[in-house]
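Enquirer: What follows is my_file-v1.cif, mmCIF, C-alpha atoms and all ligand atoms.
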data_data
#
loop_
_atom_site.label_atom_id
_atom_site.label_comp_id
_atom_site.auth_asym_id
_atom_site.auth_seq_id
_atom_site.Cartn_x
_atom_site.Cartn_y
_atom_site.Cartn_z
CA MET A 1 -54.58 20.36 171.52
CA GLU A 2 -53.64 21.01 167.89
CA ILE A 3 -52.38 24.54 167.20
CA GLY A 4 -51.07 26.08 164.00
CA ILE A 5 -51.81 28.20 160.94
CA ASP A 6 -55.54 28.60 160.40
CA GLN A 7 -55.43 31.13 157.53
CA ILE A 8 -52.62 32.73 155.55
CA THR A 9 -52.69 35.65 153.10
CA PHE A 10 -50.17 37.76 151.18
CA ALA A 11 -49.90 41.28 149.80
CA THR A 12 -47.23 43.13 147.91
CA THR A 13 -46.89 46.48 146.16
CA PRO A 14 -48.73 47.26 142.90
CA PHE A 15 -45.42 47.82 141.00
CA TYR A 16 -42.60 45.65 139.66
CA ILE A 17 -39.55 45.62 137.41
CA THR A 18 -38.31 42.70 135.32
CA MET A 19 -34.89 41.18 135.80
CA ASP A 20 -34.34 41.47 132.02
CA ASP A 21 -34.65 45.26 132.32
CA LEU A 22 -32.49 45.42 135.45
CA ALA A 23 -29.78 43.26 133.84
CA ASP A 24 -29.85 45.47 130.75
CA ALA A 25 -29.50 48.63 132.87
CA ARG A 26 -26.68 47.14 134.97
CA GLN A 27 -24.95 45.60 131.92
CA VAL A 28 -25.14 42.09 133.35
CA ASP A 29 -26.00 38.87 131.47
CA PRO A 30 -29.76 38.41 132.20
CA ASN A 31 -29.14 34.70 132.82
CA LYS A 32 -27.12 35.61 135.89
CA TYR A 33 -30.25 37.15 137.42
CA LYS A 34 -32.79 34.69 136.00
CA ILE A 35 -30.84 31.42 136.35
CA GLY A 36 -27.87 32.18 138.62
CA ILE A 37 -29.99 34.04 141.20
CA GLY A 38 -33.36 32.65 140.09
CA GLN A 39 -35.49 35.80 139.97
CA GLU A 40 -37.85 36.97 137.20
CA ARG A 41 -39.50 40.11 138.64
CA GLN A 42 -39.03 42.30 141.71
CA ALA A 43 -41.63 44.22 143.72
CA VAL A 44 -40.96 47.97 143.77
CA VAL A 45 -42.06 50.07 146.73
CA PRO A 46 -43.65 53.48 146.08
CA PRO A 47 -43.16 56.14 148.81
CA THR A 48 -46.84 55.64 149.71
CA GLN A 49 -46.15 52.09 150.98
CA ASP A 50 -44.27 50.77 154.01
CA ILE A 51 -44.57 47.79 156.35
CA VAL A 52 -47.70 49.22 157.96
CA THR A 53 -49.63 49.54 154.71
CA LEU A 54 -48.30 46.22 153.39
CA GLY A 55 -49.17 44.47 156.64
CA ALA A 56 -52.67 45.96 156.68
CA GLN A 57 -53.14 44.96 153.04
CA ALA A 58 -52.23 41.32 153.78
CA ALA A 59 -54.30 41.10 156.99
CA SER A 60 -57.38 42.70 155.43
CA LYS A 61 -57.68 39.57 153.24
CA LEU A 62 -58.23 37.37 156.33
CA SER A 63 -61.83 36.56 157.22
CA PRO A 64 -63.59 39.23 159.35
CA LYS A 65 -64.69 36.46 161.74
CA SER A 66 -61.09 35.41 162.51
CA LEU A 67 -60.00 39.03 162.91
CA ARG A 68 -62.79 39.67 165.43
CA ASN A 69 -61.30 36.97 167.66
CA VAL A 70 -57.73 38.28 167.66
CA SER A 71 -56.37 38.80 171.20
CA THR A 72 -52.76 39.49 170.19
CA LEU A 73 -51.15 41.03 167.11
CA ILE A 74 -47.44 40.41 166.54
CA VAL A 75 -45.69 42.17 163.66
CA ALA A 76 -42.40 40.55 162.71
CA THR A 77 -40.19 42.95 160.79
CA GLU A 78 -36.70 44.34 160.29
CA SER A 79 -38.06 47.39 158.45
CA GLY A 80 -39.67 49.09 161.46
CA VAL A 81 -40.99 52.64 161.02
CA ASP A 82 -40.37 53.79 164.60
CA ASN A 83 -37.79 52.86 167.23
CA SER A 84 -40.42 52.98 169.96
CA LYS A 85 -43.99 52.53 168.76
CA ALA A 86 -44.98 49.10 167.43
CA SER A 87 -46.05 49.25 163.78
CA GLY A 88 -48.88 46.88 164.66
CA ILE A 89 -50.69 49.67 166.51
CA TYR A 90 -51.17 51.55 163.22
CA ILE A 91 -52.25 48.29 161.57
CA LYS A 92 -54.68 47.56 164.40
CA ARG A 93 -56.39 50.90 163.73
CA LEU A 94 -56.43 50.49 159.95
CA LEU A 95 -58.04 47.04 160.33
CA GLY A 96 -60.55 48.28 162.92
CA LEU A 97 -59.51 45.64 165.48
CA ASN A 98 -60.92 45.62 169.00
CA ASP A 99 -59.16 47.92 171.51
CA TYR A 100 -58.90 45.02 173.99
CA ILE A 101 -55.83 43.61 172.26
CA ARG A 102 -52.08 43.15 172.90
CA VAL A 103 -49.79 44.48 170.12
CA VAL A 104 -46.01 44.08 169.82
CA GLU A 105 -43.21 43.89 167.25
CA THR A 106 -40.46 41.24 167.01
CA LYS A 107 -37.04 41.53 165.38
CA GLU A 108 -34.30 39.13 164.29
CA ALA A 109 -33.70 39.70 160.59
CA CYS A 110 -35.72 37.31 158.42
CA TYR A 111 -36.24 34.82 161.25
CA SER A 112 -38.57 36.68 163.61
CA ALA A 113 -41.89 35.64 162.02
CA THR A 114 -41.06 32.10 163.07
CA ALA A 115 -40.37 33.27 166.63
CA ALA A 116 -43.72 35.12 166.52
CA LEU A 117 -45.48 31.97 165.35
CA GLN A 118 -43.92 29.93 168.16
CA PHE A 119 -44.85 32.60 170.75
CA ALA A 120 -48.39 32.59 169.32
CA ARG A 121 -48.64 28.83 169.85
CA GLY A 122 -47.86 29.41 173.53
CA ILE A 123 -50.59 32.06 173.86
CA VAL A 124 -53.17 29.81 172.20
CA ALA A 125 -52.13 26.82 174.35
CA LEU A 126 -52.94 28.88 177.46
CA ASN A 127 -56.05 30.54 175.99
CA PRO A 128 -57.53 28.14 173.42
CA SER A 129 -60.42 30.39 172.39
CA GLU A 130 -58.08 33.22 171.28
CA ASN A 131 -56.60 33.88 167.84
CA VAL A 132 -53.17 35.42 167.39
CA LEU A 133 -52.53 37.48 164.27
CA VAL A 134 -48.93 37.25 163.07
CA ILE A 135 -47.91 39.66 160.32
CA ALA A 136 -44.50 39.34 158.65
CA ALA A 137 -43.87 42.55 156.70
CA ASP A 138 -40.64 43.87 155.19
CA ILE A 139 -38.91 45.85 152.50
CA ALA A 140 -35.67 44.22 151.32
CA ARG A 141 -33.48 47.13 150.30
CA TYR A 142 -29.77 46.98 149.44
CA GLY A 143 -29.09 49.92 147.15
CA LEU A 144 -29.00 50.81 143.47
CA ASN A 145 -26.27 49.17 141.44
CA THR A 146 -25.07 46.84 144.22
CA PRO A 147 -24.54 43.05 143.80
CA ALA A 148 -27.51 42.45 146.12
CA GLU A 149 -29.89 44.79 144.23
CA VAL A 150 -31.22 41.79 142.31
CA THR A 151 -32.30 40.23 145.63
CA GLN A 152 -34.51 43.13 146.76
CA GLY A 153 -38.28 42.78 147.13
CA ALA A 154 -41.17 43.65 149.45
CA GLY A 155 -44.42 42.38 150.86
CA ALA A 156 -46.27 40.99 153.83
CA VAL A 157 -47.79 37.70 154.92
CA ALA A 158 -50.57 37.58 157.53
CA MET A 159 -51.41 34.42 159.48
CA ILE A 160 -54.05 33.51 162.01
CA ILE A 161 -52.66 31.13 164.64
CA SER A 162 -55.39 29.21 166.44
CA GLN A 163 -56.46 25.88 167.85
CA ASN A 164 -57.82 23.31 165.35
CA PRO A 165 -56.05 25.13 162.47
CA ARG A 166 -57.34 24.62 158.95
CA VAL A 167 -54.00 24.98 157.09
CA LEU A 168 -51.08 23.52 159.03
CA THR A 169 -50.85 21.99 162.50
CA ILE A 170 -47.44 22.82 163.96
CA GLU A 171 -45.65 19.87 165.56
CA ASN A 172 -43.95 20.26 168.92
CA THR A 173 -40.39 19.39 167.97
CA SER A 174 -38.46 22.30 166.56
CA VAL A 175 -34.75 23.08 166.55
CA ALA A 176 -33.50 26.66 166.85
CA TYR A 177 -29.80 27.54 166.43
CA THR A 178 -28.15 30.92 167.05
CA LYS A 179 -24.63 32.33 166.69
CA ASP A 180 -23.28 35.90 166.69
CA ILE A 181 -22.34 36.25 163.00
CA MET A 182 -21.92 39.33 160.78
CA ASP A 183 -23.31 38.07 157.47
CA PHE A 184 -25.95 40.80 157.02
CA TRP A 185 -26.97 43.73 159.22
CA ARG A 186 -28.42 47.24 159.04
CA PRO A 187 -27.09 49.86 161.47
CA LEU A 188 -29.63 52.32 162.90
CA TYR A 189 -28.34 55.12 160.64
CA SER A 190 -28.79 53.19 157.40
CA MET A 191 -31.81 52.52 155.18
CA GLU A 192 -29.82 49.91 153.24
CA ALA A 193 -28.54 46.57 154.52
CA TYR A 194 -24.83 45.76 154.70
CA VAL A 195 -24.07 42.23 153.59
CA ASP A 196 -21.23 39.77 153.21
CA GLY A 197 -23.19 37.95 150.51
CA LYS A 198 -21.11 34.82 149.84
CA TYR A 199 -20.54 34.29 153.56
CA SER A 200 -24.29 34.64 154.21
CA ASN A 201 -24.97 31.85 151.68
CA GLN A 202 -22.56 29.54 153.52
CA VAL A 203 -23.94 30.30 156.98
CA TYR A 204 -27.49 29.72 155.74
CA VAL A 205 -26.68 26.22 154.40
CA ASP A 206 -24.67 25.37 157.52
CA PHE A 207 -27.55 26.39 159.83
CA PHE A 208 -30.04 24.43 157.71
CA LEU A 209 -27.99 21.23 157.90
CA LYS A 210 -27.35 21.64 161.64
CA THR A 211 -31.01 22.21 162.52
CA TYR A 212 -32.38 19.58 160.12
CA HIS A 213 -30.00 16.84 161.35
CA ARG A 214 -30.73 17.58 164.99
CA TYR A 215 -34.48 17.50 164.27
CA VAL A 216 -34.02 14.09 162.63
CA GLN A 217 -32.03 12.86 165.66
CA LEU A 218 -34.75 14.06 168.06
CA THR A 219 -37.71 12.67 166.10
CA GLY A 220 -36.27 9.57 164.40
CA ARG A 221 -37.83 10.82 161.15
CA SER A 222 -36.18 10.65 157.75
CA LEU A 223 -36.55 12.32 154.33
CA ALA A 224 -39.38 9.95 153.43
CA ASP A 225 -41.47 11.45 156.25
CA PHE A 226 -41.68 14.79 154.40
CA ALA A 227 -43.86 15.67 151.41
CA ALA A 228 -41.93 18.94 151.07
CA LEU A 229 -39.06 20.84 152.64
CA ILE A 230 -39.48 24.59 152.29
CA PHE A 231 -36.95 27.34 152.87
CA HIS A 232 -36.57 31.02 153.63
CA LEU A 233 -36.04 32.38 150.09
CA PRO A 234 -33.90 35.54 149.95
CA TYR A 235 -33.70 34.63 146.25
CA THR A 236 -34.99 31.39 144.82
CA LYS A 237 -31.58 29.82 144.10
CA MET A 238 -30.84 29.93 147.84
CA GLY A 239 -33.52 27.30 148.50
CA LYS A 240 -31.85 25.06 145.93
CA LYS A 241 -28.48 25.54 147.65
CA GLY A 242 -30.08 24.45 150.94
CA LEU A 243 -31.82 21.39 149.50
CA ASP A 244 -28.78 20.40 147.40
CA GLY A 245 -26.68 20.53 150.58
CA LEU A 246 -28.92 17.84 152.04
CA LEU A 247 -29.83 15.70 149.02
CA GLN A 248 -26.50 15.90 147.15
CA ASP A 249 -26.94 13.56 144.14
CA ASP A 250 -29.80 11.49 145.64
CA ALA A 251 -32.02 10.57 142.65
CA SER A 252 -34.61 8.53 144.60
CA PRO A 253 -38.34 9.26 144.09
CA VAL A 254 -38.45 10.83 147.57
CA ALA A 255 -35.64 13.24 146.68
CA GLU A 256 -37.19 14.04 143.27
CA ARG A 257 -40.50 14.88 144.92
CA LEU A 258 -38.76 17.21 147.37
CA ARG A 259 -37.02 18.94 144.42
CA ASN A 260 -40.33 19.34 142.56
CA ASN A 261 -42.03 20.76 145.63
CA LEU A 262 -39.15 23.20 146.15
CA ALA A 263 -39.81 24.40 142.58
CA ALA A 264 -43.47 24.92 143.57
CA GLU A 265 -42.36 26.91 146.63
CA GLN A 266 -40.11 29.12 144.47
CA LYS A 267 -42.79 30.06 141.91
CA VAL A 268 -44.31 33.12 143.60
CA SER A 269 -41.03 34.28 145.13
CA ARG A 270 -39.50 34.48 141.62
CA GLN A 271 -42.10 37.16 140.85
CA VAL A 272 -41.68 39.25 144.02
CA GLY A 273 -38.18 38.94 145.50
CA ASN A 274 -37.07 38.83 149.11
CA LEU A 275 -39.70 39.65 151.76
CA TYR A 276 -37.26 39.05 154.62
CA THR A 277 -39.58 37.86 157.46
CA GLY A 278 -42.39 36.84 155.11
CA SER A 279 -40.35 34.86 152.55
CA LEU A 280 -40.68 31.43 154.13
CA TYR A 281 -44.42 31.91 154.58
CA LEU A 282 -44.94 33.22 151.05
CA GLY A 283 -43.10 30.03 150.07
CA LEU A 284 -45.65 28.02 152.05
CA ILE A 285 -48.55 29.63 150.16
CA SER A 286 -46.75 29.07 146.85
CA LEU A 287 -46.17 25.40 147.70
CA LEU A 288 -49.82 24.90 148.69
CA GLN A 289 -51.07 26.59 145.49
CA ASN A 290 -48.61 24.98 143.07
CA GLY A 291 -47.17 21.85 144.66
CA ASP A 292 -47.89 18.14 145.04
CA VAL A 293 -49.05 17.88 148.66
CA THR A 294 -51.96 16.02 150.27
CA PRO A 295 -53.73 16.62 153.59
CA GLY A 296 -52.20 14.54 156.36
CA GLU A 297 -48.69 14.90 154.93
CA ARG A 298 -45.77 16.55 156.72
CA ILE A 299 -44.05 19.75 155.54
CA GLY A 300 -40.63 20.73 156.93
CA LEU A 301 -39.88 24.46 157.24
CA PHE A 302 -36.44 26.09 157.50
CA SER A 303 -36.47 29.66 158.77
CA TYR A 304 -33.26 31.72 158.60
CA GLY A 305 -32.40 35.20 159.77
CA SER A 306 -28.97 36.72 159.35
CA GLY A 307 -27.07 37.66 162.41
CA ALA A 308 -27.73 34.69 162.66
CA GLU A 309 -30.52 32.38 163.72
CA GLY A 310 -32.10 29.34 162.08
CA GLU A 311 -34.99 27.09 163.03
CA PHE A 312 -36.21 23.86 161.49
CA TYR A 313 -39.70 22.70 162.38
CA SER A 314 -42.58 20.83 160.81
CA GLY A 315 -46.33 20.81 160.36
CA ILE A 316 -49.10 18.53 159.13
CA LEU A 317 -51.27 19.73 156.25
CA GLN A 318 -54.99 19.96 157.08
CA PRO A 319 -57.99 18.84 154.96
CA ASP A 320 -59.50 22.30 154.32
CA TYR A 321 -56.22 24.08 153.51
CA ARG A 322 -57.17 25.09 149.95
CA ASN A 323 -59.99 27.35 151.19
CA GLN A 324 -57.75 29.22 153.67
CA ILE A 325 -54.81 30.35 151.54
CA GLY A 326 -56.29 33.20 149.47
CA ASP A 327 -56.49 33.74 145.71
CA ASP A 328 -54.13 32.21 143.15
CA LEU A 329 -51.10 34.46 143.62
CA LEU A 330 -49.50 33.85 140.23
CA GLN A 331 -52.67 35.22 138.61
CA THR A 332 -53.09 38.10 141.09
CA LEU A 333 -49.51 39.23 140.53
CA GLN A 334 -50.17 39.62 136.79
CA LYS A 335 -52.30 42.67 137.64
CA ARG A 336 -49.32 44.72 138.88
CA HIS A 337 -47.94 47.64 136.84
CA GLN A 338 -44.54 47.27 135.22
CA LEU A 339 -42.08 50.14 135.79
CA SER A 340 -39.05 51.17 133.77
CA ILE A 341 -35.71 51.11 135.60
CA GLY A 342 -35.78 54.93 135.66
CA GLU A 343 -39.21 54.92 137.37
CA TYR A 344 -37.99 52.30 139.87
CA GLU A 345 -34.89 54.33 140.71
CA LYS A 346 -37.02 57.42 141.30
CA MET A 347 -39.34 55.51 143.68
CA PHE A 348 -36.30 54.03 145.44
CA ASN A 349 -34.93 57.53 146.09
CA ASP A 350 -38.33 59.03 147.01
CA GLN A 351 -38.84 56.81 150.10
CA LEU A 352 -39.55 58.67 153.33
CA GLY A 353 -36.60 56.88 154.91
CA MET A 354 -34.91 58.93 157.62
CA ARG A 355 -36.23 62.29 156.43
CA LYS A 356 -37.52 64.61 159.14
CA GLU A 357 -39.40 67.20 157.12
CA ASP A 358 -43.16 67.34 156.56
CA ILE A 359 -44.28 65.78 153.27
CA ILE A 360 -47.58 64.84 151.63
CA TYR A 361 -47.52 62.26 148.81
CA ASP A 362 -49.81 62.02 145.80
CA ILE A 363 -51.79 58.94 146.89
CA ASP A 364 -53.75 58.85 143.62
CA THR A 365 -50.71 57.27 141.94
CA ASP A 366 -51.00 54.22 144.23
CA PRO A 367 -54.06 51.94 143.73
CA SER A 368 -53.49 50.13 147.06
CA GLU A 369 -56.23 50.02 149.69
CA PHE A 370 -54.00 51.32 152.50
CA VAL A 371 -51.49 54.12 151.90
CA LEU A 372 -48.93 56.23 153.70
CA VAL A 373 -50.17 59.75 153.01
CA GLY A 374 -47.01 61.39 154.32
CA GLN A 375 -45.50 62.79 157.47
CA GLN A 376 -46.39 65.88 159.49
CA GLY A 377 -44.86 67.02 162.78
CA ASN A 378 -42.74 63.82 162.83
CA GLN A 379 -45.88 61.67 162.70
CA ARG A 380 -46.65 59.25 159.87
CA ILE A 381 -50.14 59.57 158.40
CA TYR A 382 -51.89 56.44 157.16
CA GLN A 383 -55.20 56.17 155.36
CA GLU A 384 -57.60 53.53 154.07
CA LYS A 385 -58.71 54.66 150.60
P1 LIG A 401 -22.84 38.14 143.15
O1 LIG A 401 -21.45 38.15 143.65
O2 LIG A 401 -23.24 39.26 142.26
O3 LIG A 401 -23.17 36.87 142.30
O4 LIG A 401 -23.81 38.07 144.41
P2 LIG A 401 -22.29 35.57 141.98
O5 LIG A 401 -21.12 35.95 141.18
O6 LIG A 401 -22.08 34.75 143.25
O7 LIG A 401 -23.32 34.83 141.03
C1 LIG A 401 -24.53 34.37 141.54
C2 LIG A 401 -24.85 33.05 140.85
O8 LIG A 401 -25.12 33.32 139.47
C3 LIG A 401 -23.69 32.04 140.86
O9 LIG A 401 -24.26 30.76 141.01
C4 LIG A 401 -23.09 32.18 139.46
O10 LIG A 401 -22.42 31.01 139.01
C5 LIG A 401 -24.35 32.42 138.66
P3 LIG A 401 -23.95 29.90 142.34
O11 LIG A 401 -22.50 29.65 142.38
O12 LIG A 401 -24.38 30.76 143.52
O13 LIG A 401 -24.80 28.69 142.19
N1 LIG A 401 -24.12 33.08 137.37
C6 LIG A 401 -24.76 32.76 136.23
N2 LIG A 401 -25.69 31.81 135.97
C7 LIG A 401 -26.16 31.73 134.69
N3 LIG A 401 -25.73 32.54 133.69
C8 LIG A 401 -24.81 33.49 133.92
C9 LIG A 401 -24.28 33.63 135.25
N4 LIG A 401 -23.37 34.46 135.80
C10 LIG A 401 -23.28 34.11 137.12
N5 LIG A 401 -24.40 34.29 132.92
C11 LIG A 401 -25.29 37.34 146.12
C12 LIG A 401 -24.82 37.12 144.69
C13 LIG A 401 -26.44 36.38 146.41
C14 LIG A 401 -24.13 37.04 147.08
C15 LIG A 401 -25.74 38.82 146.29
O14 LIG A 401 -26.84 39.05 145.46
C16 LIG A 401 -26.10 39.19 147.72
O15 LIG A 401 -25.24 39.56 148.52
N6 LIG A 401 -27.43 39.09 148.10
C17 LIG A 401 -27.90 39.42 149.44
C18 LIG A 401 -27.51 38.39 150.48
C19 LIG A 401 -28.36 37.15 150.43
O16 LIG A 401 -29.45 37.12 149.88
N7 LIG A 401 -27.88 36.07 151.10
C20 LIG A 401 -28.63 34.84 151.19
C21 LIG A 401 -28.38 34.08 152.49
S1 LIG A 401 -28.58 35.14 153.91
C22 LIG A 401 -30.32 35.27 154.10
O17 LIG A 401 -31.04 34.53 153.52
C23 LIG A 401 -30.83 36.35 155.02
C24 LIG A 401 -31.37 37.57 154.33
O18 LIG A 401 -32.64 37.28 153.77
C25 LIG A 401 -31.44 38.74 155.31
C26 LIG A 401 -32.16 38.56 156.64
O19 LIG A 401 -32.05 37.56 157.30
O20 LIG A 401 -32.76 39.55 157.05
C27 LIG A 401 -30.48 38.03 153.20
#
Any chance you could give the structure as structure tokens?
Ligand code: HMG

Expert:
Amino acid sequence: MEIGIDQITFATTPFYITMDDLADARQVDPNKYKIGIGQERQAVVPPTQDIVTLGAQAASKLSPKSLRNVSTLIVATESGVDNSKASGIYIKRLLGLNDYIRVVETKEACYSATAALQFARGIVALNPSENVLVIAADIARYGLNTPAEVTQGAGAVAMIISQNPRVLTIENTSVAYTKDIMDFWRPLYSMEAYVDGKYSNQVYVDFFLKTYHRYVQLTGRSLADFAALIFHLPYTKMGKKGLDGLLQDDASPVAERLRNNLAAEQKVSRQVGNLYTGSLYLGLISLLQNGDVTPGERIGLFSYGSGAEGEFYSGILQPDYRNQIGDDLLQTLQKRHQLSIGEYEKMFNDQLGMRKEDIIYDIDTDPSEFVLVGQQGNQRIYQEK
């Protein structure tokens, strides 16, 4: 039985800042952010958005027919809103999904959407008529005026995993690799991540090369068997570091095509920033909307989560993929509202975060379909507008 991604959609916040403005405010050469890091714009999160609203926004773009058939909802996130209750239960209500459903949350930094996808394949293998909804939703938050501020971002990707998938059939061979490493972490008392940035770059490339080479050993495949290799993109330059680590100075047509398709993967991410769990899958949509790929071809995917865990796996592109990947994201993202750095800093500081007190936000300032209205009696209040 063929199992994989049947539909895939993306949502982010309605606000952004430009890296030119951020560089100006932080007195940094803008080329460091735009070329050295490879970002152009960054999604900004208003206090009326969190992973629940972002996840609901992304999933509401899936077809109602696929949603009706969902037996299991898995939300992959490292920006959970409760230490006990799964965020997916709020999302299930906002989407109006059937009560006869299983809902859980997975966590391992940016990697856990890939774990969710692999778990989903198992569920579908045992129950072929069921769909699994995987939502990867996160807010990448490091702090104002920190070296990692330029790599913030936010958004969610929603995927239907089913039999006979119309986007990407997932192949059976995959290589996961895990080691206890402190490259990036966020203690329970902190809203911002702690990071050993340069070290995290090295571990990422090391895990990519280890998992890719083992996959090649197990399958007997080579570079020429891939139309594209796509990467978790904490910032777009990171994908280049990964691919450069493999290709070195290879100037063959196969290598050039992989470089061009990496550029296609990076296009949307440059406009949004890091999505943590969703980044690899936003990269997949960006590749499919902007790259040179043909049905029947193989795409290699490298998923990485700090802490650290990596997985390299592959899928075969399906004939109807163009109709299952949503609207042109580069166009859609043009409709967002640009903020000044002052407005961004205010939104950054206005997040609900760890506050305990009751609060009601002005939801009229947020044009999104799903909003966090506030908190009362230690309960978050969500609403569909
Ligand atoms: P930094 O120290 O400010 O930057 O931090 P830098 O000095 O290393 O410069 C960055 C690049 O810009 C360098 O290029 C410079 O040469 C270049 P590179 O050597 O990397 O190719 N540069 C310029 N280029 C053009 N014109 C200029 C100029 N000036 C400098 N004028 C760092 C950068 C990425 C470390 C920081 O932003 C950070 O800590 N970010 C967060 C950590 C991160 O994203 N790590 C990635 C791997 S770990 C991962 O992917 C997991 C993660 O998503 C979390 C999870 O799993 O949940 C993060």

Enquirer: Neighbouring residues of ligand LIG 401 (chain A) are defined here as those with any atom at most 8 Å from a ligand atom, counting only C-alpha atoms and all ligand atoms; list them as an mmCIF file with C-alpha atoms, keeping the file's coordinate frame.

Expert:
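Contents of selection.cif, as written:
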data_model
loop_
_atom_site.group_PDB
_atom_site.id
_atom_site.type_symbol
_atom_site.label_atom_id
_atom_site.label_comp_id
_atom_site.auth_asym_id
_atom_site.auth_seq_id
_atom_site.Cartn_x
_atom_site.Cartn_y
_atom_site.Cartn_z
ATOM 1 C CA VAL A 28 -25.140 42.090 133.350
ATOM 2 C CA ASP A 29 -26.000 38.870 131.470
ATOM 3 C CA PRO A 30 -29.760 38.410 132.200
ATOM 4 C CA ASN A 31 -29.140 34.700 132.820
ATOM 5 C CA LYS A 32 -27.120 35.610 135.890
ATOM 6 C CA TYR A 33 -30.250 37.150 137.420
ATOM 7 C CA LYS A 34 -32.790 34.690 136.000
ATOM 8 C CA ILE A 35 -30.840 31.420 136.350
ATOM 9 C CA GLY A 36 -27.870 32.180 138.620
ATOM 10 C CA ILE A 37 -29.990 34.040 141.200
ATOM 11 C CA GLU A 78 -36.700 44.340 160.290
ATOM 12 C CA GLU A 108 -34.300 39.130 164.290
ATOM 13 C CA ALA A 109 -33.700 39.700 160.590
ATOM 14 C CA CYS A 110 -35.720 37.310 158.420
ATOM 15 C CA TYR A 111 -36.240 34.820 161.250
ATOM 16 C CA ALA A 140 -35.670 44.220 151.320
ATOM 17 C CA TYR A 142 -29.770 46.980 149.440
ATOM 18 C CA PRO A 147 -24.540 43.050 143.800
ATOM 19 C CA ALA A 148 -27.510 42.450 146.120
ATOM 20 C CA GLU A 149 -29.890 44.790 144.230
ATOM 21 C CA VAL A 150 -31.220 41.790 142.310
ATOM 22 C CA THR A 151 -32.300 40.230 145.630
ATOM 23 C CA ASP A 183 -23.310 38.070 157.470
ATOM 24 C CA PHE A 184 -25.950 40.800 157.020
ATOM 25 C CA TRP A 185 -26.970 43.730 159.220
ATOM 26 C CA VAL A 195 -24.070 42.230 153.590
ATOM 27 C CA ASP A 196 -21.230 39.770 153.210
ATOM 28 C CA GLY A 197 -23.190 37.950 150.510
ATOM 29 C CA LYS A 198 -21.110 34.820 149.840
ATOM 30 C CA TYR A 199 -20.540 34.290 153.560
ATOM 31 C CA SER A 200 -24.290 34.640 154.210
ATOM 32 C CA ASN A 201 -24.970 31.850 151.680
ATOM 33 C CA GLN A 202 -22.560 29.540 153.520
ATOM 34 C CA VAL A 203 -23.940 30.300 156.980
ATOM 35 C CA TYR A 204 -27.490 29.720 155.740
ATOM 36 C CA HIS A 232 -36.570 31.020 153.630
ATOM 37 C CA LEU A 233 -36.040 32.380 150.090
ATOM 38 C CA PRO A 234 -33.900 35.540 149.950
ATOM 39 C CA TYR A 235 -33.700 34.630 146.250
ATOM 40 C CA LYS A 237 -31.580 29.820 144.100
ATOM 41 C CA MET A 238 -30.840 29.930 147.840
ATOM 42 C CA LYS A 241 -28.480 25.540 147.650
ATOM 43 C CA ASN A 274 -37.070 38.830 149.110
ATOM 44 C CA LEU A 275 -39.700 39.650 151.760
ATOM 45 C CA TYR A 276 -37.260 39.050 154.620
ATOM 46 C CA THR A 277 -39.580 37.860 157.460
ATOM 47 C CA TYR A 304 -33.260 31.720 158.600
ATOM 48 C CA GLY A 305 -32.400 35.200 159.770
ATOM 49 C CA SER A 306 -28.970 36.720 159.350
ATOM 50 C CA GLY A 307 -27.070 37.660 162.410
ATOM 51 C CA ALA A 308 -27.730 34.690 162.660
#

Enquirer: Near stretch 171-178 of chain A, within 6 Å and counting only C-alpha atoms, which residues show up once chain neighbours fewer than 6 positions away are dropped, as a VMD selection string?

Expert: chain A and resid 211 308 to 315

Enquirer: Restricting it to C-alpha atoms, dump the selection as a PDB file, keeping the file's coordinate frame.

Expert:
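Result file follows (part.pdb):
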ATOM      1  CA  THR A 211     -31.010  22.210 162.520  1.00  0.00           C
ATOM      2  CA  ALA A 308     -27.730  34.690 162.660  1.00  0.00           C
ATOM      3  CA  GLU A 309     -30.520  32.380 163.720  1.00  0.00           C
ATOM      4  CA  GLY A 310     -32.100  29.340 162.080  1.00  0.00           C
ATOM      5  CA  GLU A 311     -34.990  27.090 163.030  1.00  0.00           C
ATOM      6  CA  PHE A 312     -36.210  23.860 161.490  1.00  0.00           C
ATOM      7  CA  TYR A 313     -39.700  22.700 162.380  1.00  0.00           C
ATOM      8  CA  SER A 314     -42.580  20.830 160.810  1.00  0.00           C
ATOM      9  CA  GLY A 315     -46.330  20.810 160.360  1.00  0.00           C
TER      10      GLY A 315
END

Enquirer: Closest to A:Ile363 among A:Tyr90, A:Phe208, A:Tyr382, A:Phe348, using all atoms listed in the file?

Expert: A:Tyr382

Enquirer: Which one is closest to A:Val268: A:Ala115, A:Ala43, A:Ile359, A:Leu247? Count all atoms listed in the file.

Expert: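 Between A:Ala115, A:Ala43, A:Ile359, A:Leu247, the residue approaching A:Val268 most closely is A:Ala43.
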
Enquirer: Counting only C-alpha atoms, which residue out of A:Val216, A:Met191, A:Leu97, A:Ala76 sits closest to A:Arg141?

Expert: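 Ranking A:Val216, A:Met191, A:Leu97, A:Ala76 by distance to A:Arg141, first place goes to A:Met191.
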
Enquirer: Grab the atom CA of A:Gly143 to atom CA of A:Ile360 distance for me, in Å with one decimal place.

Expert: 24.2 Å

Enquirer: What's around stretch 324-327 of chain A at 9 Å? Count all atoms listed in the file, leave out sequence neighbours fewer than 4 positions away in its own chain, and write the answer as an MDAnalysis selection string.

Expert: chainID A and resid 6:10 61:62 166:167 285 288:289 320 331:332

Enquirer: Residues at most 7 Å from A:Gln163, counting all atoms listed in the file, excluding those fewer than 5 positions away in the same chain, as a ChimeraX atom specification?

Expert: /A:1-4,124,128
